[in-house]
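**Student:** Input my_file39.cif, format and content: mmCIF, C-alpha atoms and all ligand atoms.
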```
data_run
loop_
_atom_site.label_atom_id
_atom_site.label_comp_id
_atom_site.auth_asym_id
_atom_site.auth_seq_id
_atom_site.Cartn_x
_atom_site.Cartn_y
_atom_site.Cartn_z
CA MET A 1 -0.23 -4.06 33.41
CA LYS A 2 0.21 -7.54 31.86
CA THR A 3 3.71 -8.33 30.64
CA LEU A 4 4.60 -10.43 27.58
CA GLN A 5 5.88 -13.15 29.90
CA GLU A 6 2.56 -13.18 31.80
CA TYR A 7 0.66 -13.25 28.48
CA LEU A 8 2.65 -16.30 27.36
CA SER A 9 2.04 -18.05 30.67
CA ALA A 10 -1.68 -17.19 30.64
CA SER A 11 -1.90 -18.48 27.05
CA HIS A 12 -0.56 -21.83 28.30
CA ALA A 13 2.13 -21.58 25.59
CA PRO A 14 4.48 -24.59 25.81
CA GLU A 15 7.60 -23.67 27.77
CA ASP A 16 10.00 -24.01 24.80
CA LEU A 17 7.77 -21.85 22.60
CA GLY A 18 7.59 -19.14 25.27
CA LYS A 19 11.36 -19.21 25.76
CA ILE A 20 12.01 -18.85 22.00
CA ILE A 21 9.61 -15.90 21.74
CA MET A 22 11.23 -14.12 24.71
CA LEU A 23 14.73 -14.84 23.36
CA ILE A 24 13.94 -13.10 20.06
CA ALA A 25 11.84 -10.34 21.68
CA ASP A 26 14.80 -9.50 23.93
CA GLN A 27 16.98 -8.76 20.89
CA ALA A 28 15.02 -5.56 20.21
CA GLY A 29 17.25 -3.53 22.53
CA PRO A 30 20.56 -4.71 21.04
CA ILE A 31 19.17 -4.29 17.50
CA ARG A 32 18.06 -0.72 18.20
CA SER A 33 21.45 0.07 19.74
CA ALA A 34 23.24 -1.25 16.64
CA PHE A 35 21.45 1.13 14.25
CA ILE A 36 23.82 4.04 14.92
CA SER A 37 26.96 2.11 13.93
CA ASN A 38 25.46 0.05 11.09
CA GLN A 39 24.06 2.62 8.68
CA ASN A 40 25.51 1.45 5.39
CA TYR A 41 25.42 -1.41 2.94
CA ALA A 42 27.45 -4.53 3.73
CA GLY A 43 28.76 -4.99 0.18
CA SER A 44 27.02 -8.37 -0.16
CA THR A 45 23.71 -9.53 -1.65
CA ASN A 46 21.07 -11.88 -0.23
CA SER A 47 19.38 -14.83 -1.93
CA SER A 48 16.80 -12.46 -3.40
CA GLY A 49 19.58 -10.59 -5.15
CA GLU A 50 19.18 -7.52 -2.94
CA ASP A 51 22.06 -5.51 -1.50
CA GLN A 52 22.37 -6.41 2.17
CA ALA A 53 22.44 -3.56 4.64
CA GLU A 54 24.88 -3.88 7.53
CA MET A 55 21.89 -4.16 9.83
CA ASP A 56 20.39 -7.01 7.78
CA THR A 57 23.43 -9.17 8.43
CA TRP A 58 23.97 -7.87 11.97
CA ALA A 59 20.40 -8.67 13.07
CA ASP A 60 20.47 -12.01 11.25
CA ALA A 61 23.73 -13.07 12.93
CA ARG A 62 22.54 -11.90 16.34
CA ILE A 63 19.20 -13.71 16.31
CA THR A 64 20.61 -16.85 14.66
CA SER A 65 23.36 -16.99 17.31
CA VAL A 66 21.02 -16.74 20.32
CA LEU A 67 18.71 -19.36 18.82
CA GLN A 68 21.63 -21.71 18.09
CA LYS A 69 22.94 -21.37 21.68
CA SER A 70 19.48 -21.99 23.15
CA GLY A 71 19.26 -25.55 21.78
CA LEU A 72 15.50 -24.91 21.52
CA VAL A 73 15.26 -24.56 17.73
CA ARG A 74 15.13 -27.19 15.00
CA ALA A 75 15.83 -24.97 11.98
CA VAL A 76 15.84 -21.33 10.86
CA ALA A 77 14.88 -19.93 7.44
CA SER A 78 16.09 -16.34 7.15
CA GLU A 79 15.76 -13.71 4.44
CA GLU A 80 19.49 -13.17 4.83
CA GLN A 81 20.66 -16.78 4.47
CA GLU A 82 20.59 -18.84 1.27
CA ASP A 83 19.75 -22.14 2.91
CA ILE A 84 17.76 -23.31 5.90
CA VAL A 85 20.04 -23.37 8.97
CA GLN A 86 19.66 -26.75 10.66
CA MET A 87 20.09 -26.55 14.45
CA SER A 88 18.89 -29.09 17.07
CA SER A 89 17.20 -32.03 15.33
CA SER A 90 15.47 -33.02 18.57
CA ALA A 91 13.90 -29.56 18.99
CA LYS A 92 10.20 -29.10 18.24
CA TYR A 93 10.02 -25.58 16.77
CA SER A 94 11.43 -23.98 13.62
CA ILE A 95 11.72 -20.27 12.84
CA VAL A 96 11.14 -18.23 9.69
CA MET A 97 12.37 -14.65 9.90
CA ASP A 98 13.06 -11.38 8.22
CA PRO A 99 15.63 -10.14 10.72
CA LEU A 100 15.45 -6.56 9.55
CA ASP A 101 12.57 -5.46 7.33
CA GLY A 102 12.84 -2.08 5.65
CA SER A 103 16.57 -1.75 6.28
CA SER A 104 17.06 0.93 3.60
CA LEU A 105 15.15 3.27 5.93
CA ILE A 106 17.54 3.06 8.87
CA LYS A 107 19.82 5.83 7.60
CA VAL A 108 16.82 8.16 7.23
CA ASN A 109 15.47 7.24 10.67
CA LEU A 110 12.14 5.77 9.63
CA SER A 111 10.50 2.84 11.39
CA VAL A 112 11.73 -0.67 10.57
CA GLY A 113 11.03 -4.09 12.05
CA THR A 114 11.80 -7.76 12.62
CA ILE A 115 9.29 -10.38 11.39
CA VAL A 116 9.11 -13.87 12.94
CA GLY A 117 7.03 -17.00 12.34
CA ILE A 118 7.24 -20.19 14.42
CA TYR A 119 6.23 -23.68 13.23
CA GLU A 120 6.10 -27.04 14.96
CA GLY A 121 8.32 -29.20 12.73
CA ASP A 122 9.96 -27.90 9.57
CA VAL A 123 9.85 -24.46 7.97
CA LEU A 124 8.32 -25.06 4.52
CA GLN A 125 4.71 -25.19 5.69
CA ALA A 126 1.66 -23.16 4.74
CA GLY A 127 1.10 -19.97 6.73
CA ASN A 128 -2.11 -21.42 8.19
CA GLN A 129 0.11 -23.95 10.03
CA LEU A 130 1.96 -21.27 11.99
CA ARG A 131 2.04 -21.91 15.75
CA ALA A 132 2.90 -18.27 16.44
CA ALA A 133 3.80 -15.10 14.55
CA PHE A 134 5.02 -11.74 15.75
CA TYR A 135 6.93 -8.67 14.70
CA MET A 136 8.93 -6.04 16.56
CA LEU A 137 8.51 -2.51 15.22
CA TYR A 138 11.32 -0.05 15.98
CA GLY A 139 9.53 3.30 15.95
CA PRO A 140 8.99 6.04 18.56
CA MET A 141 8.18 3.06 20.78
CA THR A 142 9.48 -0.47 20.40
CA THR A 143 6.34 -2.57 20.04
CA LEU A 144 5.79 -6.29 19.64
CA THR A 145 2.62 -7.50 17.92
CA ILE A 146 1.90 -11.19 18.45
CA SER A 147 -0.57 -14.01 17.93
CA LEU A 148 -0.41 -17.58 19.22
CA GLY A 149 -3.48 -18.46 17.17
CA ASN A 150 -6.00 -16.99 19.58
CA GLY A 151 -6.19 -13.31 18.64
CA VAL A 152 -3.64 -10.49 18.37
CA SER A 153 -2.04 -8.48 21.19
CA ILE A 154 0.36 -5.54 21.11
CA PHE A 155 3.08 -4.93 23.70
CA ALA A 156 5.47 -2.01 24.18
CA LEU A 157 8.98 -2.12 25.65
CA ASN A 158 9.21 0.09 28.74
CA ALA A 159 12.23 1.88 30.20
CA GLU A 160 13.04 -1.17 32.32
CA GLY A 161 13.22 -3.40 29.23
CA THR A 162 9.92 -5.15 29.97
CA TYR A 163 7.23 -5.63 27.31
CA ILE A 164 3.93 -4.39 28.72
CA LEU A 165 0.49 -4.89 27.19
CA LEU A 166 -0.77 -1.96 25.10
CA LYS A 167 -3.78 -3.59 23.43
CA GLU A 168 -5.35 -7.07 23.30
CA ASN A 169 -7.89 -8.74 21.00
CA VAL A 170 -6.83 -6.31 18.23
CA LYS A 171 -9.19 -6.18 15.24
CA ILE A 172 -8.44 -4.57 11.87
CA PRO A 173 -11.29 -2.12 11.14
CA GLU A 174 -12.51 -1.38 7.62
CA GLY A 175 -10.49 1.67 6.55
CA THR A 176 -9.20 3.67 3.61
CA LEU A 177 -5.41 3.71 3.99
CA CYS A 178 -3.70 2.17 0.96
CA GLY A 179 -0.05 1.64 0.23
CA SER A 180 1.21 -0.03 -2.92
CA GLY A 181 4.72 -1.02 -3.95
CA GLY A 182 5.90 -1.30 -7.53
CA LEU A 183 6.21 1.47 -10.13
CA ARG A 184 2.87 2.73 -11.48
CA PRO A 185 3.94 2.25 -15.16
CA GLU A 186 4.65 -1.40 -14.31
CA TRP A 187 1.30 -2.04 -12.61
CA THR A 188 -0.99 -4.56 -14.29
CA GLU A 189 -4.46 -3.60 -15.54
CA LYS A 190 -6.04 -5.47 -12.62
CA HIS A 191 -3.98 -3.56 -10.04
CA ILE A 192 -4.63 -0.23 -11.76
CA ARG A 193 -8.40 -0.91 -11.68
CA TYR A 194 -8.11 -1.80 -7.98
CA MET A 195 -6.13 1.29 -7.01
CA ASN A 196 -8.46 3.56 -9.04
CA GLU A 197 -11.50 2.01 -7.31
CA ILE A 198 -9.97 2.53 -3.86
CA GLU A 199 -8.81 6.07 -4.58
CA CYS A 200 -12.22 7.04 -6.01
CA GLU A 201 -13.73 5.84 -2.73
CA GLY A 202 -11.45 8.13 -0.70
CA GLY A 203 -8.38 5.93 -0.38
CA LYS A 204 -5.51 7.76 1.31
CA ASN A 205 -1.96 6.87 0.26
CA ARG A 206 0.24 5.61 3.10
CA TYR A 207 3.45 3.91 1.94
CA SER A 208 6.79 4.26 3.74
CA GLY A 209 8.93 1.50 2.24
CA SER A 210 8.73 -0.54 5.43
CA PHE A 211 6.29 -3.46 5.24
CA VAL A 212 6.13 -3.85 9.02
CA ALA A 213 5.46 -0.14 9.65
CA ASP A 214 2.94 0.14 6.81
CA PHE A 215 1.09 -2.97 7.98
CA HIS A 216 1.06 -1.85 11.61
CA GLN A 217 -0.70 1.37 10.60
CA ILE A 218 -3.32 -0.67 8.73
CA LEU A 219 -3.77 -2.98 11.73
CA GLU A 220 -4.81 0.09 13.72
CA TYR A 221 -6.67 2.25 11.17
CA GLY A 222 -7.78 -0.20 8.46
CA GLY A 223 -6.96 -0.27 4.75
CA VAL A 224 -4.63 -2.33 2.56
CA TYR A 225 -0.92 -2.82 1.91
CA ALA A 226 -0.09 -4.20 -1.52
CA TYR A 227 3.06 -5.31 -3.25
CA PRO A 228 1.40 -6.52 -6.45
CA ALA A 229 2.46 -8.56 -9.41
CA THR A 230 3.99 -6.16 -11.93
CA LYS A 231 4.67 -6.36 -15.67
CA LYS A 232 8.30 -6.98 -14.75
CA SER A 233 7.72 -9.41 -11.88
CA ALA A 234 4.62 -11.64 -11.88
CA SER A 235 5.51 -12.68 -8.31
CA GLY A 236 5.87 -9.14 -6.95
CA LYS A 237 8.69 -8.47 -4.48
CA LEU A 238 7.91 -9.74 -0.98
CA ARG A 239 8.76 -13.26 0.15
CA LEU A 240 6.02 -15.73 1.13
CA VAL A 241 7.82 -17.66 3.87
CA PHE A 242 9.25 -14.99 6.16
CA GLU A 243 7.38 -11.77 5.28
CA ILE A 244 3.91 -12.50 3.94
CA ASN A 245 2.98 -15.58 5.98
CA PRO A 246 3.72 -14.20 9.48
CA ILE A 247 2.08 -10.83 8.69
CA GLY A 248 -0.80 -12.55 6.88
CA PHE A 249 -1.34 -14.86 9.87
CA LEU A 250 -1.55 -11.83 12.17
CA ALA A 251 -3.94 -10.05 9.78
CA ASP A 252 -6.18 -13.14 9.68
CA GLN A 253 -6.07 -13.44 13.48
CA ALA A 254 -7.13 -9.77 13.70
CA GLY A 255 -10.18 -10.36 11.50
CA GLY A 256 -8.53 -9.08 8.32
CA ALA A 257 -7.25 -11.05 5.33
CA VAL A 258 -4.22 -11.70 3.11
CA SER A 259 -4.29 -12.55 -0.59
CA ASN A 260 -2.16 -12.84 -3.71
CA GLY A 261 -4.98 -11.04 -5.52
CA GLU A 262 -6.87 -14.25 -6.27
CA CYS A 263 -6.95 -16.25 -3.01
CA SER A 264 -5.46 -16.46 0.49
CA THR A 265 -1.70 -16.93 0.60
CA LEU A 266 -2.03 -18.77 3.92
CA ASP A 267 -2.99 -21.96 2.06
CA ILE A 268 0.08 -21.97 -0.22
CA VAL A 269 2.62 -24.66 0.68
CA PRO A 270 6.03 -23.09 -0.07
CA THR A 271 8.46 -25.06 -2.23
CA LYS A 272 11.40 -22.65 -1.84
CA VAL A 273 12.56 -20.54 1.11
CA HIS A 274 12.88 -17.33 -0.92
CA GLN A 275 9.88 -17.67 -3.19
CA ARG A 276 8.02 -14.44 -3.79
CA THR A 277 4.29 -13.88 -4.19
CA PRO A 278 2.12 -10.83 -4.83
CA VAL A 279 0.47 -9.65 -1.62
CA TYR A 280 -2.59 -7.68 -0.56
CA VAL A 281 -3.06 -7.60 3.23
CA GLY A 282 -5.41 -5.63 5.49
CA SER A 283 -9.14 -5.08 5.99
CA LYS A 284 -11.43 -7.90 4.86
CA GLY A 285 -13.43 -5.55 2.62
CA MET A 286 -10.30 -4.26 0.86
CA ILE A 287 -9.13 -7.81 0.15
CA ALA A 288 -12.57 -8.83 -1.13
CA LYS A 289 -12.36 -5.95 -3.64
CA ILE A 290 -9.12 -7.16 -5.25
CA GLU A 291 -10.31 -10.76 -5.39
CA ALA A 292 -13.51 -9.61 -7.11
CA ILE A 293 -11.57 -8.07 -10.01
CA ARG A 294 -11.08 -10.76 -12.67
O1 LIG B 301 11.44 -0.10 -2.15
P1 LIG B 301 10.19 -0.78 -2.62
O2 LIG B 301 10.33 -1.48 -3.94
O3 LIG B 301 8.98 0.10 -2.55
O4 LIG B 301 9.95 -1.98 -1.59
C1 LIG B 301 9.60 -1.67 -0.25
C2 LIG B 301 9.29 -2.96 0.39
O5 LIG B 301 10.48 -3.74 0.38
C3 LIG B 301 10.82 -4.08 1.71
O6 LIG B 301 11.76 -3.17 2.25
C4 LIG B 301 11.41 -5.48 1.66
O7 LIG B 301 11.86 -5.85 2.90
P2 LIG B 301 13.43 -5.90 3.23
O8 LIG B 301 13.83 -4.52 3.58
O9 LIG B 301 13.48 -6.85 4.37
O10 LIG B 301 14.15 -6.42 2.01
C5 LIG B 301 9.53 -3.97 2.52
O11 LIG B 301 9.76 -3.73 3.88
C6 LIG B 301 8.88 -2.77 1.85
O12 LIG B 301 7.48 -2.76 1.99
MG MG B 302 11.47 -7.53 4.43
MG MG B 303 14.81 -7.78 5.47
#
```
Rewrite the structure of this file - the entire thing - as structure tokens.
**Tutor:**
Amino acid sequence: MKTLQEYLSASHAPEDLGKIIMLIADQAGPIRSAFISNQNYAGSTNSSGEDQAEMDTWADARITSVLQKSGLVRAVASEEQEDIVQMSSSAKYSIVMDPLDGSSLIKVNLSVGTIVGIYEGDVLQAGNQLRAAFYMLYGPMTTLTISLGNGVSIFALNAEGTYILLKENVKIPEGTLCGSGGLRPEWTEKHIRYMNEIECEGGKNRYSGSFVADFHQILEYGGVYAYPATKKSASGKLRLVFEINPIGFLADQAGGAVSNGECSTLDIVPTKVHQRTPVYVGSKGMIAKIEAIR
């Protein structure tokens, strides 16, 4: 069974890139172990104005600390930190991350994740410039879904703490699962037309409140995850830099697509770390449908 380390070596990933990926991947165990004693809110808010869960700040501090100590990272842009954290100016790679995605679900024991993107150079680059993207998903298994720009592979953490290959060359099939954020009364006419069209064609609602978990299900079964523009928020809820770009990169690498409802978000050059954008991500056919609605 191929391990993540063997996959990185076989992919001829530069040594520093491989070391950074393994460093973050190896935080899955400590993060999982911290769930039981970090169930509540931290009493602070992040740059998006959201209440921070204890696990948001715990995971952020943990990953930021190991990256700082490694000397391998140039800068980190995190959902949980206002500004970009400058680290080693001589280092080649920078990290964008959502250290804990879906944190409100921890106390009800639903699956949550960590989302990571890696760039050569600085962090405010378009998603199509990503050198690597991956997410850990803390569910019945701990899985790590990764692309280095040459297809998508999924690994699972075994009892010995080694990531072993579950599936390679993953492709998103056409499918009917659909999950949409936002409150229905706040949906725009375009989004309502889209959801009606999907549901009339047999769309099955799958929405847990965890982007990583909802996307992972679509990666396997096909469909679409949407957090659309709403009447209250034209930019939707999710953040371009550390949520939508890494997941969108993986979707694209798996033969799917990512869009803001009009065009691919992978071409957008971010101007701010915490900028939001509407997102539709999943099967190519599902994304074509939303972009066809004018
Ligand atoms: O609670 P809502 O508005 O449906 O939003 C759910 C979405 O918000 C998120 O929880 C945002 O991520 P964070 O938990 O990292 O803030 C997504 O994981 C999820 O898809
Ligand atoms: Mg998130
Ligand atoms: Mg988060």
**Student:** Residues within 9 Å of ligand LIG 301 (chain B) should be enumerated using only C-alpha atoms and all ligand atoms and returned as a compact mmCIF listing (two decimals) with C-alpha atoms, keeping the file's coordinate frame.
**Tutor:**
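File produced: part36.txt:
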```txt
# COMPACT_ATOMS: atom_id res chain seq x y z
CA SER A 48 16.80 -12.46 -3.40
CA GLU A 50 19.18 -7.52 -2.94
CA ASP A 51 22.06 -5.51 -1.50
CA GLN A 52 22.37 -6.41 2.17
CA ALA A 53 22.44 -3.56 4.64
CA ASP A 56 20.39 -7.01 7.78
CA GLU A 79 15.76 -13.71 4.44
CA GLU A 80 19.49 -13.17 4.83
CA ASP A 98 13.06 -11.38 8.22
CA PRO A 99 15.63 -10.14 10.72
CA LEU A 100 15.45 -6.56 9.55
CA ASP A 101 12.57 -5.46 7.33
CA GLY A 102 12.84 -2.08 5.65
CA SER A 103 16.57 -1.75 6.28
CA SER A 104 17.06 0.93 3.60
CA LEU A 105 15.15 3.27 5.93
CA VAL A 112 11.73 -0.67 10.57
CA GLY A 113 11.03 -4.09 12.05
CA THR A 114 11.80 -7.76 12.62
CA ILE A 115 9.29 -10.38 11.39
CA GLY A 179 -0.05 1.64 0.23
CA SER A 180 1.21 -0.03 -2.92
CA GLY A 181 4.72 -1.02 -3.95
CA GLY A 182 5.90 -1.30 -7.53
CA LEU A 183 6.21 1.47 -10.13
CA TYR A 207 3.45 3.91 1.94
CA SER A 208 6.79 4.26 3.74
CA GLY A 209 8.93 1.50 2.24
CA SER A 210 8.73 -0.54 5.43
CA PHE A 211 6.29 -3.46 5.24
CA VAL A 212 6.13 -3.85 9.02
CA ALA A 213 5.46 -0.14 9.65
CA ASP A 214 2.94 0.14 6.81
CA PHE A 215 1.09 -2.97 7.98
CA TYR A 225 -0.92 -2.82 1.91
CA ALA A 226 -0.09 -4.20 -1.52
CA TYR A 227 3.06 -5.31 -3.25
CA LYS A 237 8.69 -8.47 -4.48
CA LEU A 238 7.91 -9.74 -0.98
CA ARG A 239 8.76 -13.26 0.15
CA GLU A 243 7.38 -11.77 5.28
```
**Student:** What's around Val241 (chain A) at 7 Å? Count all atoms listed in the file, leave out sequence neighbours fewer than 2 positions away in its own chain, and write the answer as a PyMOL selection string.
**Tutor:** chain A and resi 96+239+243-245+270+273-274
**Student:** Pick from A:Pro228, A:Phe242, A:Arg62, A:Ser70: nearest to ligand MG 303 (chain B), with only C-alpha atoms and all ligand atoms counted?
**Tutor:**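 For ligand MG 303 (chain B), the nearest of the given residues is A:Phe242.
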**Student:** Please tell me which residues are no farther than 6 Å from (-0.9, -9.9, 28.2) in the file, counting all atoms listed in the file, and write them as a compact mmCIF listing (two decimals) with C-alpha atoms, in the coordinates of the input.
**Tutor:**
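Wrote it out as result.txt, contents follow:
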```txt
# COMPACT_ATOMS: atom_id res chain seq x y z
CA LYS A 2 0.21 -7.54 31.86
CA THR A 3 3.71 -8.33 30.64
CA LEU A 4 4.60 -10.43 27.58
CA GLU A 6 2.56 -13.18 31.80
CA TYR A 7 0.66 -13.25 28.48
CA LEU A 165 0.49 -4.89 27.19
```
**Student:** Enter the distance from CA of Glu262 (chain A) to CA of Leu219 (chain A), in Å, rounded to one decimal.
**Tutor:**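 Between CA of Glu262 (chain A) and CA of Leu219 (chain A) the gap works out to 21.5 Å.
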**Student:** Under the rule that only C-alpha atoms and all ligand atoms are counted, which of A:Phe249, A:Tyr135, A:Tyr163, A:Trp187 is the nearest residue to ligand MG 302 (chain B)?
**Tutor:**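 The shortest atom-to-atom distance to ligand MG 302 (chain B) comes from A:Tyr135.
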**Student:** List as a list in words the protein and nucleic acid residues near region 157-159 of chain A, meaning an atom at most 10 Å away when all atoms listed in the file are counted, but skip any in the same chain fewer than 4 places from it.
**Tutor:**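 Skipping anything fewer than 4 positions along the chain leaves Thr3, Leu4, Ala25, Asp26, Ala28, Gly29, Met136, Met141, Thr142, Thr143, Leu144, Tyr163, Ile164, Leu165 and Leu166 of chain A.
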**Student:** Using the selection just defined, write its residues with C-alpha atoms as a compact mmCIF listing (two decimals), in the frame of the given file.
**Tutor:**
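Final file, part-v1.txt:
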```txt
# COMPACT_ATOMS: atom_id res chain seq x y z
CA THR A 3 3.71 -8.33 30.64
CA LEU A 4 4.60 -10.43 27.58
CA ALA A 25 11.84 -10.34 21.68
CA ASP A 26 14.80 -9.50 23.93
CA ALA A 28 15.02 -5.56 20.21
CA GLY A 29 17.25 -3.53 22.53
CA MET A 136 8.93 -6.04 16.56
CA MET A 141 8.18 3.06 20.78
CA THR A 142 9.48 -0.47 20.40
CA THR A 143 6.34 -2.57 20.04
CA LEU A 144 5.79 -6.29 19.64
CA TYR A 163 7.23 -5.63 27.31
CA ILE A 164 3.93 -4.39 28.72
CA LEU A 165 0.49 -4.89 27.19
CA LEU A 166 -0.77 -1.96 25.10
```
**Student:** Excluding same-chain residues fewer than 6 positions from Glu201 (chain A), what lies within 12 Å of it counting only C-alpha atoms, as a list in words?
**Tutor:**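 Selected residues are Gly175, Thr176, Leu177, Cys178, Tyr194, Met195, Gly223, Met286 and Lys289 of chain A.
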**Student:** For the selection just defined, write its residues with C-alpha atoms to a file, as a PDB file, in the frame of the given file.
**Tutor:**
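Now in again15.pdb:
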```
ATOM      1  CA  GLY A 175     -10.490   1.670   6.550  1.00  0.00           C
ATOM      2  CA  THR A 176      -9.200   3.670   3.610  1.00  0.00           C
ATOM      3  CA  LEU A 177      -5.410   3.710   3.990  1.00  0.00           C
ATOM      4  CA  CYS A 178      -3.700   2.170   0.960  1.00  0.00           C
ATOM      5  CA  TYR A 194      -8.110  -1.800  -7.980  1.00  0.00           C
ATOM      6  CA  MET A 195      -6.130   1.290  -7.010  1.00  0.00           C
ATOM      7  CA  GLY A 223      -6.960  -0.270   4.750  1.00  0.00           C
ATOM      8  CA  MET A 286     -10.300  -4.260   0.860  1.00  0.00           C
ATOM      9  CA  LYS A 289     -12.360  -5.950  -3.640  1.00  0.00           C
TER      10      LYS A 289
END
```
**Student:** Please compute the CA of Gly149 (chain A)-CA of Ala13 (chain A) distance, one decimal, in Å.
**Tutor:**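 We find that CA of Gly149 (chain A) and CA of Ala13 (chain A) lie 10.6 Å from each other.
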**Student:** Tell me, as a PDB file with C-alpha atoms, in the frame of the given file, which residues lie within 12 Å of Ala77 (chain A), counting all atoms listed in the file; anything in the same chain fewer than 5 positions away does not count.
**Tutor:**
```pdb
ATOM      1  CA  SER A  47      19.380 -14.830  -1.930  1.00  0.00           C
ATOM      2  CA  ASP A  60      20.470 -12.010  11.250  1.00  0.00           C
ATOM      3  CA  ILE A  63      19.200 -13.710  16.310  1.00  0.00           C
ATOM      4  CA  THR A  64      20.610 -16.850  14.660  1.00  0.00           C
ATOM      5  CA  GLU A  82      20.590 -18.840   1.270  1.00  0.00           C
ATOM      6  CA  ASP A  83      19.750 -22.140   2.910  1.00  0.00           C
ATOM      7  CA  ILE A  84      17.760 -23.310   5.900  1.00  0.00           C
ATOM      8  CA  VAL A  85      20.040 -23.370   8.970  1.00  0.00           C
ATOM      9  CA  GLN A  86      19.660 -26.750  10.660  1.00  0.00           C
ATOM     10  CA  MET A  87      20.090 -26.550  14.450  1.00  0.00           C
ATOM     11  CA  TYR A  93      10.020 -25.580  16.770  1.00  0.00           C
ATOM     12  CA  SER A  94      11.430 -23.980  13.620  1.00  0.00           C
ATOM     13  CA  ILE A  95      11.720 -20.270  12.840  1.00  0.00           C
ATOM     14  CA  VAL A  96      11.140 -18.230   9.690  1.00  0.00           C
ATOM     15  CA  MET A  97      12.370 -14.650   9.900  1.00  0.00           C
ATOM     16  CA  ASP A  98      13.060 -11.380   8.220  1.00  0.00           C
ATOM     17  CA  PRO A  99      15.630 -10.140  10.720  1.00  0.00           C
ATOM     18  CA  ILE A 115       9.290 -10.380  11.390  1.00  0.00           C
ATOM     19  CA  VAL A 116       9.110 -13.870  12.940  1.00  0.00           C
ATOM     20  CA  GLY A 117       7.030 -17.000  12.340  1.00  0.00           C
ATOM     21  CA  ILE A 118       7.240 -20.190  14.420  1.00  0.00           C
ATOM     22  CA  TYR A 119       6.230 -23.680  13.230  1.00  0.00           C
ATOM     23  CA  ASP A 122       9.960 -27.900   9.570  1.00  0.00           C
ATOM     24  CA  VAL A 123       9.850 -24.460   7.970  1.00  0.00           C
ATOM     25  CA  LEU A 124       8.320 -25.060   4.520  1.00  0.00           C
ATOM     26  CA  GLN A 125       4.710 -25.190   5.690  1.00  0.00           C
ATOM     27  CA  ARG A 239       8.760 -13.260   0.150  1.00  0.00           C
ATOM     28  CA  LEU A 240       6.020 -15.730   1.130  1.00  0.00           C
ATOM     29  CA  VAL A 241       7.820 -17.660   3.870  1.00  0.00           C
ATOM     30  CA  PHE A 242       9.250 -14.990   6.160  1.00  0.00           C
ATOM     31  CA  GLU A 243       7.380 -11.770   5.280  1.00  0.00           C
ATOM     32  CA  LYS A 272      11.400 -22.650  -1.840  1.00  0.00           C
ATOM     33  CA  VAL A 273      12.560 -20.540   1.110  1.00  0.00           C
ATOM     34  CA  HIS A 274      12.880 -17.330  -0.920  1.00  0.00           C
ATOM     35  CA  GLN A 275       9.880 -17.670  -3.190  1.00  0.00           C
TER      36      GLN A 275
END
```
**Student:** Just give me the gap between CA of Tyr138 (chain A) and CA of Ile247 (chain A) in Å, one decimal is fine.
**Tutor:**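 Between these atoms lies a distance of 16.0 Å.
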**Student:** Ranking A:Gly49, A:Gly18, A:Gly71, A:Gly285 by minimum distance to ligand MG 303 (chain B) and counting all atoms listed in the file, which one comes first?
**Tutor:** A:Gly49
**Student:** Go through A:Leu110, A:Arg276, A:Leu17, A:Gln217 and flag the residue nearest ligand MG 302 (chain B), using all atoms listed in the file for the distances.
**Tutor:** A:Arg276
**Student:** Using only C-alpha atoms, which residues sit within 9 Å of His216 (chain A) once same-chain residues fewer than 5 positions away are excluded, as a list in words?
**Tutor:**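 Everything that qualifies: Leu137, Thr145, Phe211 and Tyr221 of chain A.
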**Student:** Go through A:Pro185, A:Gly282, A:Pro246, A:Pro173 and flag the residue nearest ligand MG 302 (chain B), using only C-alpha atoms and all ligand atoms for the distances.
**Tutor:**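 Residue with the minimum atom-to-atom distance to ligand MG 302 (chain B): A:Pro246.
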**Student:** With 3 Å of padding per side, what axis-aligned box (centre and edge lengths, Å, one decimal) covers all the listed atoms of region 178-184 of chain A? Give it as AutoDock Vina command-line options.
**Tutor:**
```
--center_x 1.3 --center_y 0.7 --center_z -5.3 --size_x 15.9 --size_y 10.0 --size_z 18.4
```
**Student:** Return the single residue from A:Pro14, A:Thr277, A:Ile287, A:Gln81 that is closest to Glu120 (chain A), with distances computed using all atoms listed in the file.
**Tutor:**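 Closest to Glu120 (chain A) of all the choices is A:Pro14.
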**Student:** Can you pull region 163-179 of chain A out of that block with C-alpha atoms and hand it back as a PDB file, in the first residue's frame?
**Tutor:**
```
ATOM      1  CA  TYR A 163      -1.249   7.823   5.709  1.00  0.00           C
ATOM      2  CA  ILE A 164      -1.938   4.999   3.268  1.00  0.00           C
ATOM      3  CA  LEU A 165      -3.367   5.337  -0.228  1.00  0.00           C
ATOM      4  CA  LEU A 166      -7.131   4.758  -0.478  1.00  0.00           C
ATOM      5  CA  LYS A 167      -7.758   6.005  -4.029  1.00  0.00           C
ATOM      6  CA  GLU A 168      -5.709   7.663  -6.798  1.00  0.00           C
ATOM      7  CA  ASN A 169      -6.618   9.554  -9.981  1.00  0.00           C
ATOM      8  CA  VAL A 170      -9.947  10.508  -8.346  1.00  0.00           C
ATOM      9  CA  LYS A 171     -12.551  11.904 -10.750  1.00  0.00           C
ATOM     10  CA  ILE A 172     -15.780  13.692  -9.766  1.00  0.00           C
ATOM     11  CA  PRO A 173     -18.652  11.887 -11.536  1.00  0.00           C
ATOM     12  CA  GLU A 174     -21.790  13.675 -12.705  1.00  0.00           C
ATOM     13  CA  GLY A 175     -24.214  13.303  -9.802  1.00  0.00           C
ATOM     14  CA  THR A 176     -27.308  14.710  -8.128  1.00  0.00           C
ATOM     15  CA  LEU A 177     -26.233  15.613  -4.584  1.00  0.00           C
ATOM     16  CA  CYS A 178     -26.759  19.308  -3.876  1.00  0.00           C
ATOM     17  CA  GLY A 179     -26.043  21.315  -0.779  1.00  0.00           C
TER      18      GLY A 179
END
```
